[in-house]
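Chemist: Can you read through this structure? Questions will come right after.
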Amino acid sequence: MSVPAIEFKDVSKTFDGSGYYAVDHVSFSIEEGGFITILGSSGCGKTTLLKMVNRLYEPDEGKILLFGEDTSEVDVVKLRRRIGYVIQQTGLFPHMTIADNVATVPKLLKWDKQRIEARVNELLKMVGLEPEEFKKRYPSQLSGGQQQRVGLARALAVEPKIMLMDEPFGAVDAITRIGLQEELLRIHSGLKRTFLLVTHDIHEAFKLGTKVMIMNQGKICQFDTPANIIHDPADEFTAALIRSAREQEKLWEGYV
Amino acid sequence: MNEIWIKMQSYFANSLDEYLTSLGEHISISLLSLLVAAMIGIPLGYLCIRYGRSKRWIVGIFQVLRIIPSLAVLILLIPIMGTGVRPAMTALVLLAIPSILMNTADGFEQVPKFMLETAAGMGMTQRQIFWKVKVPLAVPYILTGARTAMIEIIASATIAAKIGAGGLGGIIFTGLGLNRTDLLLVGGVSVALLSILAGVIFNLLDRIFMRYKYTGKGEKRKMRSKMKRAAAACLCMVMLISLTACGGNKDSDAKGNKEAEKSSVIRVGSKDFTEGMIVSEIYALALEDAGYQVERVFDIAGSVIHTSIVNDEIDLYPEYTGTGLLSVLGMDLITDPQEVYDTVKDEYEKQFQLTWLDYSQANDGQGLVIRTDLAKELGIKTISDLQKHASELRFASQGEFNEREDGIPALEKTYGKFDWKSSKVYDGGLKYEVLSSDEADVTPAYTTEGPLADKDKFTLLEDDKHVWPPYNLAPVVRDNILKANPDIADILNAISAKMDTESITALNAKVDVEKEDYEDVASEYYESIK
Amino acid sequence: MSGMTAYLAKHYDDLLEALAEHIELVAVTLFFSLLIAAVLTVLAVYSRKAGEYMIHIFSVLYSVPSLALFALLIPVTGLGTTTAEIVLVAYNQYLLLRNFISGLYQVDPAVVEAAEGMGMRRFQVLWKVRLPLAKKAFFTGIQLAVISTIGIATIAAMINAGGLGKVLFDGLRTMNIYKIIAGSVLSAGLALMINGAFKAIEKRI
């Protein structure tokens, strides 16, 4: 049995010692190469959970293991350089060109110029942007969808084994979003890395995830493949979720 | 228009080094102040954000500084730091810090949190986040602050010339004092251009370093319209300047000598130095005592006052026979007091319809004064001696003296060029301080000035080649006023009869050395001679 | 210290006169500044381009030091309060116009759109929607203009416009510390007090 990519052992997080658990004694394990989507409404703790993987938040209780290593014992900066991180607002540095943005971590790791340049070209192609056209531009000159692709490329730069994505397509229009989702699936299947994506959109969660983690009020309701969840919802909350999604589909079916 | 242009050209031809020196001083003091202000303001601004608690009151203090008029800050430092470049720079730095500090604080504050979080998430150390993300994103704000500060500094540096800091302000002040449009234009335009240039440079810096801001669509169109606007602004400046130059040609037509009714109000003018004000005040008191209503129009610059009386802006003022001869009439030197008086009396009547009443024995001549210790050391007793040693001495000019017909030009005609070690412009009231504090060695003086009484400190040099005529004090009155109120002559002549050089010097000393008020001194003296 | 009180006791009327002159200069300037700025602002509403041109021209003017502008204007308008007022009004245009115009245009476009959608004409939109919402910006603009005017008016004393600057320059000329302190404290105090007053009013709005 191979070592799980990500393992949470009884992890909890409160803010300001309020006694309210943002993440409530959560435990799970993710196999390498999976595409896990975390689904839940605002305030359910999904983003908090995600941010504990790369230690932007530190857990108050419990242990987090990445490939068997306890994250609290690793130098945090080195840890983060091995993990890709994409956020909704893209966080592209406005004062750097696209090429410089993508090359951020390689530069931090002091790769040599040619290696960086080659990698940048490779990455831009991977996310569907023509390198020669986009390399020298600035983020403000790109559309929202293009910016998010760059954000992806930047995160993938040093071939991290784990990719964290916090509602990456939330700020993008519905049509562009579909394209980006397909892109993401394609990249994932090509790389066989572990992807962890947070979303509040049930369709996105079920479309992308090989397994879906449903969260509510800091706890995991169910963590299983989409098919299993649909057939066998673990609790009323999850069942209600499936029901409402079904209602929407029925609407579409009526028009076929 | 032409006349002004010619005058300007001759100014540049004759005084190019002085101009360039002033320009250099202005630029260097401005740049230095900006640098110091930046070195203090930027770190402080950052610290304010870092340690939020102190932010409130630091920002508060500097907000207050921004509100206080810059002139007040500048002058308030004088009792503490004296005159010259140091207090000037201190004031300039103080005035510049608020803008830099607050903009730096804003700059750091507005960096979005998610940007910093992303950077951290990618594995940047705190240091890397600071230098690669925070600083570059804060720089546009810091630049804006620096630009505002620079404009403020250049403006205040212009005024700082008055406290001996050098710079282009001196040219403007001299122009004001001598009513010379050419100087006003040279000074004014130079400062204006300097300021505008600073703005342009900062804009350029912004473009070069923040290229990423200027890549939006329609940038080219924006650039073009910006150029159009800049051109419009320049056009305005040119129009303003030509308007000025044309307006300056407005002749001071003597505002006709219409028959004046028995005036109810006599306007007594005075020049802008202690003695002038004391004497004018005495005249005013005497007239009031005789039942006249007096309006005091005091503190008029030396070379504007003649124009004032000719233009019917004042009715009478105390003048010196020598000044009338050399400066106003532009005639040649005469050394006999009576002859000088008769000459000016005739000419003034003929040319200006102004009457010189009786002159007093008080002779307040022009002179050059040097610190006594230096005089002894270099063996300087006369102005000829001085001219020989000029290159070892620092001259504290009062601006006007360099340009007046009976100032440096007259001296150099007779004694030869004065090749001073350095020559700086100071406000007239500061010259003895400047000498005492060893900031300068020689300064022009009037022979009845109070501090001269202290011969151990200051030595008046002998005018061995007789450049200057006698300067006897006498009232100059408009003919029409005198005709309507003939008893003015008797009143003022009675005063003149009692004044002599000794008494005038003593009066001056009371104000300049003992710091009494000129009105009190005048009134005390008047009571004693009534 | 006793010297200071003695000076104050003797000359409080001179100081008050200078203060009065100063306030008068500021008041007159402000009146004309607001008048002109109001007219120019309305113009700017009708033509945004004209507005941008105006702000740009006045910004260039504003960057020119006051003494230089005085120097350039004196041959035309002479020494005295007139020249000072002209320069001060010109300076204020930059501060006022910049704040007025940006205040009017930073109103949420959605709100304007709603108003226009209801059938309001441009002028009505200006009057009923933009103006009320731009109140804060207007207020700040006026505050800035007043403080700036108080400051530059001190310099205007140099060209015979009177005011508190005169006390400062007299003090400078005769190296009279009491005058220097009195002048500085009065001018600084005036500025601070007025600023405080503005802040107090701001809270009420």
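Chain labels follow the order of the structure tokens: the first chain is A, the next B, and so on; residue numbering restarts at 1 in every chain, and ligands are counted from 1 in their shown order.
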If we count only C-alpha atoms, what is near Ala188 of chain C at a cut-off of 9 Å, once residues fewer than 5 positions away on the same chain are taken out, given as a ChimeraX atom specification?
Modeler: /B:67-69,72-73 /C:151,183,193
Chemist: Dump as a PyMOL selection string the residues of chain A that approach chain B to within 10 Å, counting only C-alpha atoms.
Modeler: chain A and resi 51+54-56+76-97+104-105+108-109+137-142+154-155+164
Chemist: Identify all chain C residues at most 7 Å from chain B by counting only C-alpha atoms; ligands do not count. Present them as JSON, numbers by chain.
Modeler: {"C": [53, 56, 57, 60, 63, 64, 65, 68, 69, 71, 72, 73, 75, 76, 147, 151, 154, 155, 172, 173, 174, 175, 176, 177, 180, 181, 184, 187, 188, 191, 192]}
Chemist: How would the residues just picked look written out with C-alpha atoms as a tab-separated table (two decimals), in the first residue's frame?
Modeler:
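Full text of part-v8.tsv as output:
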```tsv
chain	number	residue	atom	x	y	z
C	53	TYR	CA	-8.23	70.27	-19.79
C	56	HIS	CA	-4.62	69.87	-16.18
C	57	ILE	CA	-3.98	73.55	-16.76
C	60	VAL	CA	0.42	73.05	-13.87
C	63	SER	CA	2.83	73.38	-9.21
C	64	VAL	CA	4.36	76.81	-9.73
C	65	PRO	CA	5.51	78.28	-6.43
C	68	ALA	CA	7.00	83.00	-8.69
C	69	LEU	CA	3.39	83.58	-9.69
C	71	ALA	CA	6.47	87.88	-9.35
C	72	LEU	CA	5.01	87.27	-12.79
C	73	LEU	CA	1.75	89.00	-12.04
C	75	PRO	CA	4.08	93.99	-13.42
C	76	VAL	CA	0.50	93.64	-14.58
C	147	ILE	CA	-5.94	75.61	4.51
C	151	GLY	CA	-0.73	79.23	4.14
C	154	THR	CA	1.24	84.48	4.72
C	155	ILE	CA	3.61	84.74	1.79
C	172	LEU	CA	12.51	88.73	10.56
C	173	ARG	CA	13.68	92.15	9.55
C	174	THR	CA	14.32	93.37	13.05
C	175	MET	CA	15.15	89.91	14.45
C	176	ASN	CA	12.41	90.46	16.97
C	177	ILE	CA	11.77	87.08	18.52
C	180	ILE	CA	8.40	85.95	15.06
C	181	ILE	CA	6.76	83.80	17.67
C	184	SER	CA	4.10	81.94	13.68
C	187	SER	CA	-0.79	81.78	11.56
C	188	ALA	CA	-0.29	78.19	12.64
C	191	ALA	CA	-4.79	77.14	10.26
C	192	LEU	CA	-5.15	74.50	12.94
```
Chemist: Name the residues in contact with Phe58 of chain C at a cut-off of 9 Å, using only C-alpha atoms, excluding same-chain residues fewer than 3 positions from it; report them as a ChimeraX atom specification.
Modeler: /B:233 /C:53-55,61-63,90-95,97
Chemist: Report as a PyMOL selection string all protein, DNA and RNA residues lying within 12 Å of segment 215-224 of chain A, evaluated on only C-alpha atoms, omitting residues in the same chain fewer than 6 positions from it.
Modeler: chain A and resi 8+10-14+20-30+34-50+198-200+202+205-206+209+230-239+241
Chemist: Could you work out how far atom CA of Gly162 of chain C lies from atom CA of Leu96 of chain C, giving the answer in Å with one decimal?
Modeler: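 Separation between atom CA of Leu96 of chain C and atom CA of Gly162 of chain C: 24.8 Å.
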Chemist: Output as a ChimeraX atom specification all residues of segment 6-173 of chain A that backbone DSSP marks as alpha helix (DSSP H).
Modeler: /A:46-53,76-81,98-102,104-108,113-126,131-134,144-156
Chemist: Could you write out that same residue set with C-alpha atoms as an mmCIF file, in the first residue's frame?
Modeler:
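Saved to out.cif:
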```cif
data_model
loop_
_atom_site.group_PDB
_atom_site.id
_atom_site.type_symbol
_atom_site.label_atom_id
_atom_site.label_comp_id
_atom_site.auth_asym_id
_atom_site.auth_seq_id
_atom_site.Cartn_x
_atom_site.Cartn_y
_atom_site.Cartn_z
ATOM 1 C CA LYS A 46 -13.448 24.053 3.295
ATOM 2 C CA THR A 47 -11.075 26.918 2.626
ATOM 3 C CA THR A 48 -9.698 26.686 6.155
ATOM 4 C CA LEU A 49 -9.023 23.014 5.609
ATOM 5 C CA LEU A 50 -7.288 23.672 2.321
ATOM 6 C CA LYS A 51 -5.087 26.361 3.804
ATOM 7 C CA MET A 52 -3.898 24.015 6.500
ATOM 8 C CA VAL A 53 -2.295 21.786 3.904
ATOM 9 C CA VAL A 76 7.285 25.931 6.008
ATOM 10 C CA VAL A 77 8.872 27.804 3.109
ATOM 11 C CA LYS A 78 10.365 24.645 1.638
ATOM 12 C CA LEU A 79 7.031 22.929 2.104
ATOM 13 C CA ARG A 80 5.137 25.580 0.213
ATOM 14 C CA ARG A 81 7.558 25.531 -2.676
ATOM 15 C CA ILE A 98 3.296 36.892 -17.479
ATOM 16 C CA ALA A 99 6.621 35.160 -17.960
ATOM 17 C CA ASP A 100 7.978 36.540 -14.695
ATOM 18 C CA ASN A 101 4.820 35.598 -12.874
ATOM 19 C CA VAL A 102 4.983 32.021 -14.072
ATOM 20 C CA THR A 104 8.220 33.048 -9.687
ATOM 21 C CA VAL A 105 9.012 29.820 -7.859
ATOM 22 C CA PRO A 106 11.713 28.619 -10.287
ATOM 23 C CA LYS A 107 13.418 31.958 -9.693
ATOM 24 C CA LEU A 108 13.116 31.480 -5.950
ATOM 25 C CA LYS A 113 17.838 31.160 -17.182
ATOM 26 C CA GLN A 114 17.505 28.674 -19.988
ATOM 27 C CA ARG A 115 15.777 26.128 -17.845
ATOM 28 C CA ILE A 116 13.336 28.770 -16.666
ATOM 29 C CA GLU A 117 12.617 30.004 -20.137
ATOM 30 C CA ALA A 118 12.019 26.533 -21.479
ATOM 31 C CA ARG A 119 9.755 25.685 -18.588
ATOM 32 C CA VAL A 120 7.741 28.904 -19.002
ATOM 33 C CA ASN A 121 7.110 28.135 -22.646
ATOM 34 C CA GLU A 122 6.130 24.592 -21.777
ATOM 35 C CA LEU A 123 3.736 25.688 -19.043
ATOM 36 C CA LEU A 124 2.008 28.349 -21.103
ATOM 37 C CA LYS A 125 1.437 25.854 -23.867
ATOM 38 C CA MET A 126 0.101 23.420 -21.307
ATOM 39 C CA PRO A 131 3.893 31.643 -25.283
ATOM 40 C CA GLU A 132 5.203 34.175 -27.796
ATOM 41 C CA GLU A 133 1.971 36.106 -27.616
ATOM 42 C CA PHE A 134 1.585 36.209 -23.874
ATOM 43 C CA GLY A 144 -10.196 36.899 -16.494
ATOM 44 C CA GLY A 145 -10.045 33.445 -18.004
ATOM 45 C CA GLN A 146 -6.585 33.986 -19.393
ATOM 46 C CA GLN A 147 -5.379 35.296 -16.069
ATOM 47 C CA GLN A 148 -6.578 32.198 -14.293
ATOM 48 C CA ARG A 149 -4.772 30.009 -16.821
ATOM 49 C CA VAL A 150 -1.606 31.892 -16.015
ATOM 50 C CA GLY A 151 -2.322 31.339 -12.349
ATOM 51 C CA LEU A 152 -2.491 27.610 -13.037
ATOM 52 C CA ALA A 153 0.704 27.672 -15.034
ATOM 53 C CA ARG A 154 2.428 29.516 -12.220
ATOM 54 C CA ALA A 155 1.305 26.959 -9.700
ATOM 55 C CA LEU A 156 2.470 24.064 -11.853
#
```
Chemist: For Ser102 of chain C, please output as a ChimeraX atom specification all residues within 12 Å (counting only C-alpha atoms; exclusion window: fewer than 2 positions along the same chain).
Modeler: /C:41,44-45,48,51-52,55,94-100,104-108,130-131,133-138,140-141
Chemist: Since we have the selection now, will you write its residues out, keeping N, CA, C and O atoms, as a short mmCIF file (atom, residue, chain, number, x, y, z; two decimals), in the first residue's frame?
Modeler:
```cif
data_model
loop_
_atom_site.label_atom_id
_atom_site.label_comp_id
_atom_site.auth_asym_id
_atom_site.auth_seq_id
_atom_site.Cartn_x
_atom_site.Cartn_y
_atom_site.Cartn_z
N THR C 41 -17.19 74.03 -12.81
CA THR C 41 -17.62 72.66 -12.60
C THR C 41 -18.82 72.33 -13.47
O THR C 41 -18.89 71.26 -14.08
N ALA C 44 -17.73 71.62 -16.75
CA ALA C 44 -17.09 70.32 -16.84
C ALA C 44 -18.10 69.21 -16.93
O ALA C 44 -17.85 68.18 -17.54
N VAL C 45 -19.25 69.40 -16.30
CA VAL C 45 -20.27 68.36 -16.36
C VAL C 45 -20.78 68.22 -17.79
O VAL C 45 -21.06 67.11 -18.27
N ARG C 48 -16.85 66.67 -20.53
CA ARG C 48 -15.81 66.04 -19.70
C ARG C 48 -14.44 66.44 -20.17
O ARG C 48 -13.52 66.65 -19.39
N GLY C 51 -13.41 69.62 -18.86
CA GLY C 51 -13.06 69.43 -17.46
C GLY C 51 -11.64 68.93 -17.31
O GLY C 51 -10.86 69.45 -16.50
N GLU C 52 -11.28 67.93 -18.11
CA GLU C 52 -9.92 67.40 -17.99
C GLU C 52 -8.89 68.44 -18.34
O GLU C 52 -7.86 68.57 -17.68
N ILE C 55 -8.54 70.95 -15.44
CA ILE C 55 -7.79 70.44 -14.29
C ILE C 55 -6.32 70.38 -14.61
O ILE C 55 -5.46 70.72 -13.79
N TYR C 94 -7.46 74.61 -8.75
CA TYR C 94 -6.97 73.23 -8.90
C TYR C 94 -7.56 72.35 -7.81
O TYR C 94 -8.09 71.27 -8.09
N LEU C 95 -7.45 72.80 -6.57
CA LEU C 95 -7.93 71.97 -5.47
C LEU C 95 -9.43 71.75 -5.55
O LEU C 95 -9.93 70.63 -5.39
N LEU C 96 -10.16 72.84 -5.81
CA LEU C 96 -11.62 72.73 -5.81
C LEU C 96 -12.10 71.90 -7.00
O LEU C 96 -12.86 70.95 -6.84
N LEU C 97 -11.66 72.26 -8.20
CA LEU C 97 -12.13 71.56 -9.38
C LEU C 97 -11.81 70.08 -9.31
O LEU C 97 -12.64 69.23 -9.60
N ARG C 98 -10.60 69.79 -8.90
CA ARG C 98 -10.20 68.39 -8.85
C ARG C 98 -11.14 67.60 -7.96
O ARG C 98 -11.64 66.55 -8.32
N ASN C 99 -11.41 68.13 -6.78
CA ASN C 99 -12.30 67.42 -5.87
C ASN C 99 -13.75 67.44 -6.31
O ASN C 99 -14.44 66.44 -6.21
N PHE C 100 -14.21 68.60 -6.79
CA PHE C 100 -15.60 68.68 -7.21
C PHE C 100 -15.87 67.70 -8.35
O PHE C 100 -16.79 66.91 -8.32
N LEU C 104 -18.13 64.37 -8.30
CA LEU C 104 -19.34 64.19 -9.09
C LEU C 104 -19.27 62.93 -9.93
O LEU C 104 -20.27 62.24 -10.13
N TYR C 105 -18.08 62.63 -10.43
CA TYR C 105 -17.99 61.49 -11.34
C TYR C 105 -17.72 60.18 -10.67
O TYR C 105 -17.81 59.13 -11.30
N GLN C 106 -17.39 60.23 -9.39
CA GLN C 106 -17.16 58.95 -8.75
C GLN C 106 -18.43 58.38 -8.17
O GLN C 106 -18.42 57.37 -7.49
N VAL C 107 -19.51 59.09 -8.42
CA VAL C 107 -20.80 58.55 -7.98
C VAL C 107 -21.01 57.23 -8.70
O VAL C 107 -20.71 57.10 -9.88
N ASP C 108 -21.51 56.27 -7.99
CA ASP C 108 -21.73 54.93 -8.54
C ASP C 108 -22.48 55.00 -9.88
O ASP C 108 -23.62 55.46 -9.93
N ARG C 130 -26.10 63.41 -8.46
CA ARG C 130 -24.65 63.55 -8.27
C ARG C 130 -24.31 64.46 -7.12
O ARG C 130 -23.47 64.13 -6.27
N LEU C 131 -24.93 65.65 -7.10
CA LEU C 131 -24.56 66.62 -6.08
C LEU C 131 -24.69 66.10 -4.66
O LEU C 131 -23.74 66.15 -3.89
N LEU C 133 -24.70 63.14 -3.55
CA LEU C 133 -23.76 62.06 -3.23
C LEU C 133 -22.31 62.54 -3.22
O LEU C 133 -21.45 61.90 -2.65
N ALA C 134 -22.07 63.68 -3.86
CA ALA C 134 -20.68 64.15 -3.91
C ALA C 134 -20.36 65.10 -2.77
O ALA C 134 -19.28 65.67 -2.72
N LYS C 135 -21.31 65.24 -1.85
CA LYS C 135 -21.12 66.24 -0.78
C LYS C 135 -19.77 66.11 -0.08
O LYS C 135 -19.08 67.09 0.16
N LYS C 136 -19.39 64.86 0.23
CA LYS C 136 -18.17 64.68 1.00
C LYS C 136 -16.96 65.20 0.25
O LYS C 136 -16.11 65.90 0.81
N ALA C 137 -16.90 64.86 -1.05
CA ALA C 137 -15.76 65.31 -1.85
C ALA C 137 -15.71 66.83 -1.92
O ALA C 137 -14.64 67.43 -1.82
N PHE C 138 -16.88 67.43 -2.06
CA PHE C 138 -16.94 68.89 -2.10
C PHE C 138 -16.35 69.47 -0.82
O PHE C 138 -15.55 70.39 -0.83
N THR C 140 -14.31 68.14 1.33
CA THR C 140 -12.86 67.98 1.43
C THR C 140 -12.15 69.00 0.55
O THR C 140 -11.15 69.59 0.96
N GLY C 141 -12.69 69.22 -0.65
CA GLY C 141 -12.07 70.18 -1.54
C GLY C 141 -12.01 71.56 -0.92
O GLY C 141 -10.97 72.24 -0.94
#
```
Chemist: Write out as an MDAnalysis selection string the residues lying within 9 Å of segment 374-377 of chain B, counting only C-alpha atoms and excluding same-chain residues fewer than 2 positions away.
Modeler: chainID B and resid 370:372 379:381 386 441 458:459
Chemist: Would you kindly return, as a list in words, each protein, DNA or RNA residue with an atom no farther than 10 Å from any atom of Asp106 of chain B, considering only C-alpha atoms and excluding same-chain residues fewer than 3 positions away?
Modeler: Gly45, Tyr46, Cys48, Ile49, Ile100, Leu101, Met102, Asn103, Glu109, Gln110, Val111, Ala138, Tyr141, Ile142 and Gly145 of chain B
Chemist: Go ahead and save the residues from that selection, with N, CA, C and O atoms, as an mmCIF file, in the first residue's frame.
Modeler:
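Output file part22.cif follows:
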```cif
data_model
loop_
_atom_site.group_PDB
_atom_site.id
_atom_site.type_symbol
_atom_site.label_atom_id
_atom_site.label_comp_id
_atom_site.auth_asym_id
_atom_site.auth_seq_id
_atom_site.Cartn_x
_atom_site.Cartn_y
_atom_site.Cartn_z
ATOM 1 N N GLY B 45 7.148 55.712 7.414
ATOM 2 C CA GLY B 45 5.857 55.362 6.837
ATOM 3 C C GLY B 45 5.627 53.858 6.907
ATOM 4 O O GLY B 45 4.543 53.394 7.257
ATOM 5 N N TYR B 46 6.673 53.112 6.602
ATOM 6 C CA TYR B 46 6.540 51.659 6.661
ATOM 7 C C TYR B 46 6.312 51.199 8.087
ATOM 8 O O TYR B 46 5.467 50.355 8.358
ATOM 9 N N CYS B 48 4.983 52.766 10.452
ATOM 10 C CA CYS B 48 3.642 53.115 10.884
ATOM 11 C C CYS B 48 2.677 51.978 10.607
ATOM 12 O O CYS B 48 1.806 51.681 11.415
ATOM 13 N N ILE B 49 2.848 51.367 9.424
ATOM 14 C CA ILE B 49 1.933 50.302 9.067
ATOM 15 C C ILE B 49 2.274 49.035 9.836
ATOM 16 O O ILE B 49 1.399 48.314 10.299
ATOM 17 N N ILE B 100 5.566 62.413 2.103
ATOM 18 C CA ILE B 100 6.231 61.144 1.820
ATOM 19 C C ILE B 100 5.770 60.068 2.798
ATOM 20 O O ILE B 100 5.438 58.946 2.413
ATOM 21 N N LEU B 101 5.722 60.430 4.063
ATOM 22 C CA LEU B 101 5.366 59.453 5.069
ATOM 23 C C LEU B 101 3.964 58.908 4.853
ATOM 24 O O LEU B 101 3.739 57.699 4.844
ATOM 25 N N MET B 102 3.003 59.819 4.663
ATOM 26 C CA MET B 102 1.627 59.360 4.569
ATOM 27 C C MET B 102 1.388 58.556 3.304
ATOM 28 O O MET B 102 0.660 57.565 3.313
ATOM 29 N N ASN B 103 2.020 58.970 2.219
ATOM 30 C CA ASN B 103 1.838 58.201 0.996
ATOM 31 C C ASN B 103 2.517 56.842 1.085
ATOM 32 O O ASN B 103 2.015 55.859 0.538
ATOM 33 N N GLU B 109 -0.180 49.934 2.895
ATOM 34 C CA GLU B 109 -1.448 49.456 3.422
ATOM 35 C C GLU B 109 -2.340 48.875 2.344
ATOM 36 O O GLU B 109 -3.103 47.948 2.581
ATOM 37 N N GLN B 110 -2.230 49.449 1.127
ATOM 38 C CA GLN B 110 -3.210 49.055 0.117
ATOM 39 C C GLN B 110 -2.833 47.778 -0.645
ATOM 40 O O GLN B 110 -3.549 47.362 -1.525
ATOM 41 N N VAL B 111 -1.669 47.199 -0.323
ATOM 42 C CA VAL B 111 -1.340 45.952 -0.996
ATOM 43 C C VAL B 111 -2.357 44.908 -0.542
ATOM 44 O O VAL B 111 -2.510 44.651 0.635
ATOM 45 N N ALA B 138 4.042 49.153 -3.551
ATOM 46 C CA ALA B 138 3.916 50.398 -2.787
ATOM 47 C C ALA B 138 4.617 51.559 -3.487
ATOM 48 O O ALA B 138 4.302 52.726 -3.228
ATOM 49 N N TYR B 141 2.857 54.718 -4.922
ATOM 50 C CA TYR B 141 2.362 55.664 -3.934
ATOM 51 C C TYR B 141 3.507 56.505 -3.378
ATOM 52 O O TYR B 141 3.375 57.713 -3.173
ATOM 53 N N ILE B 142 4.630 55.822 -3.121
ATOM 54 C CA ILE B 142 5.776 56.546 -2.585
ATOM 55 C C ILE B 142 6.209 57.622 -3.566
ATOM 56 O O ILE B 142 6.534 58.756 -3.186
ATOM 57 N N GLY B 145 4.016 60.567 -3.357
ATOM 58 C CA GLY B 145 4.367 61.365 -2.183
ATOM 59 C C GLY B 145 5.620 62.180 -2.419
ATOM 60 O O GLY B 145 5.680 63.364 -2.083
#
```
Chemist: Rounded to one decimal in Å, what is the spacing between atom CA of Leu492 of chain B and atom CA of Arg296 of chain B?
Modeler: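 That distance, rounded to one decimal, is 15.8 Å.
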Chemist: In Å to one decimal, how far is atom CA of Lys63 of chain A from atom CA of Asp166 of chain A?
Modeler: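 Between atom CA of Asp166 of chain A and atom CA of Lys63 of chain A the gap works out to 21.5 Å.
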Chemist: Report as a VMD selection string: the residues of segment 13-216 of chain A with a DSSP assignment of strand (DSSP E or B), based on the backbone of this structure.
Modeler: chain A and resid 13 to 14 21 to 30 35 to 39 61 to 66 69 to 70 83 to 87 162 to 166 194 to 199 211 to 216
Chemist: Measuring between only C-alpha atoms, which one of A:Lys110, A:Lys211, A:Lys161, A:Arg243 shows the shortest distance to Leu197 of chain A?
Modeler: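 Closest to Leu197 of chain A, using only C-alpha atoms: A:Lys211.
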Chemist: Just checking: using only C-alpha atoms, which residue out of A:Ile162, A:Leu251, A:Ile187, A:Ala245 ends up closest to Gly33 of chain A?
Modeler: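 Ranked by minimum distance to Gly33 of chain A, first place goes to A:Ile162.
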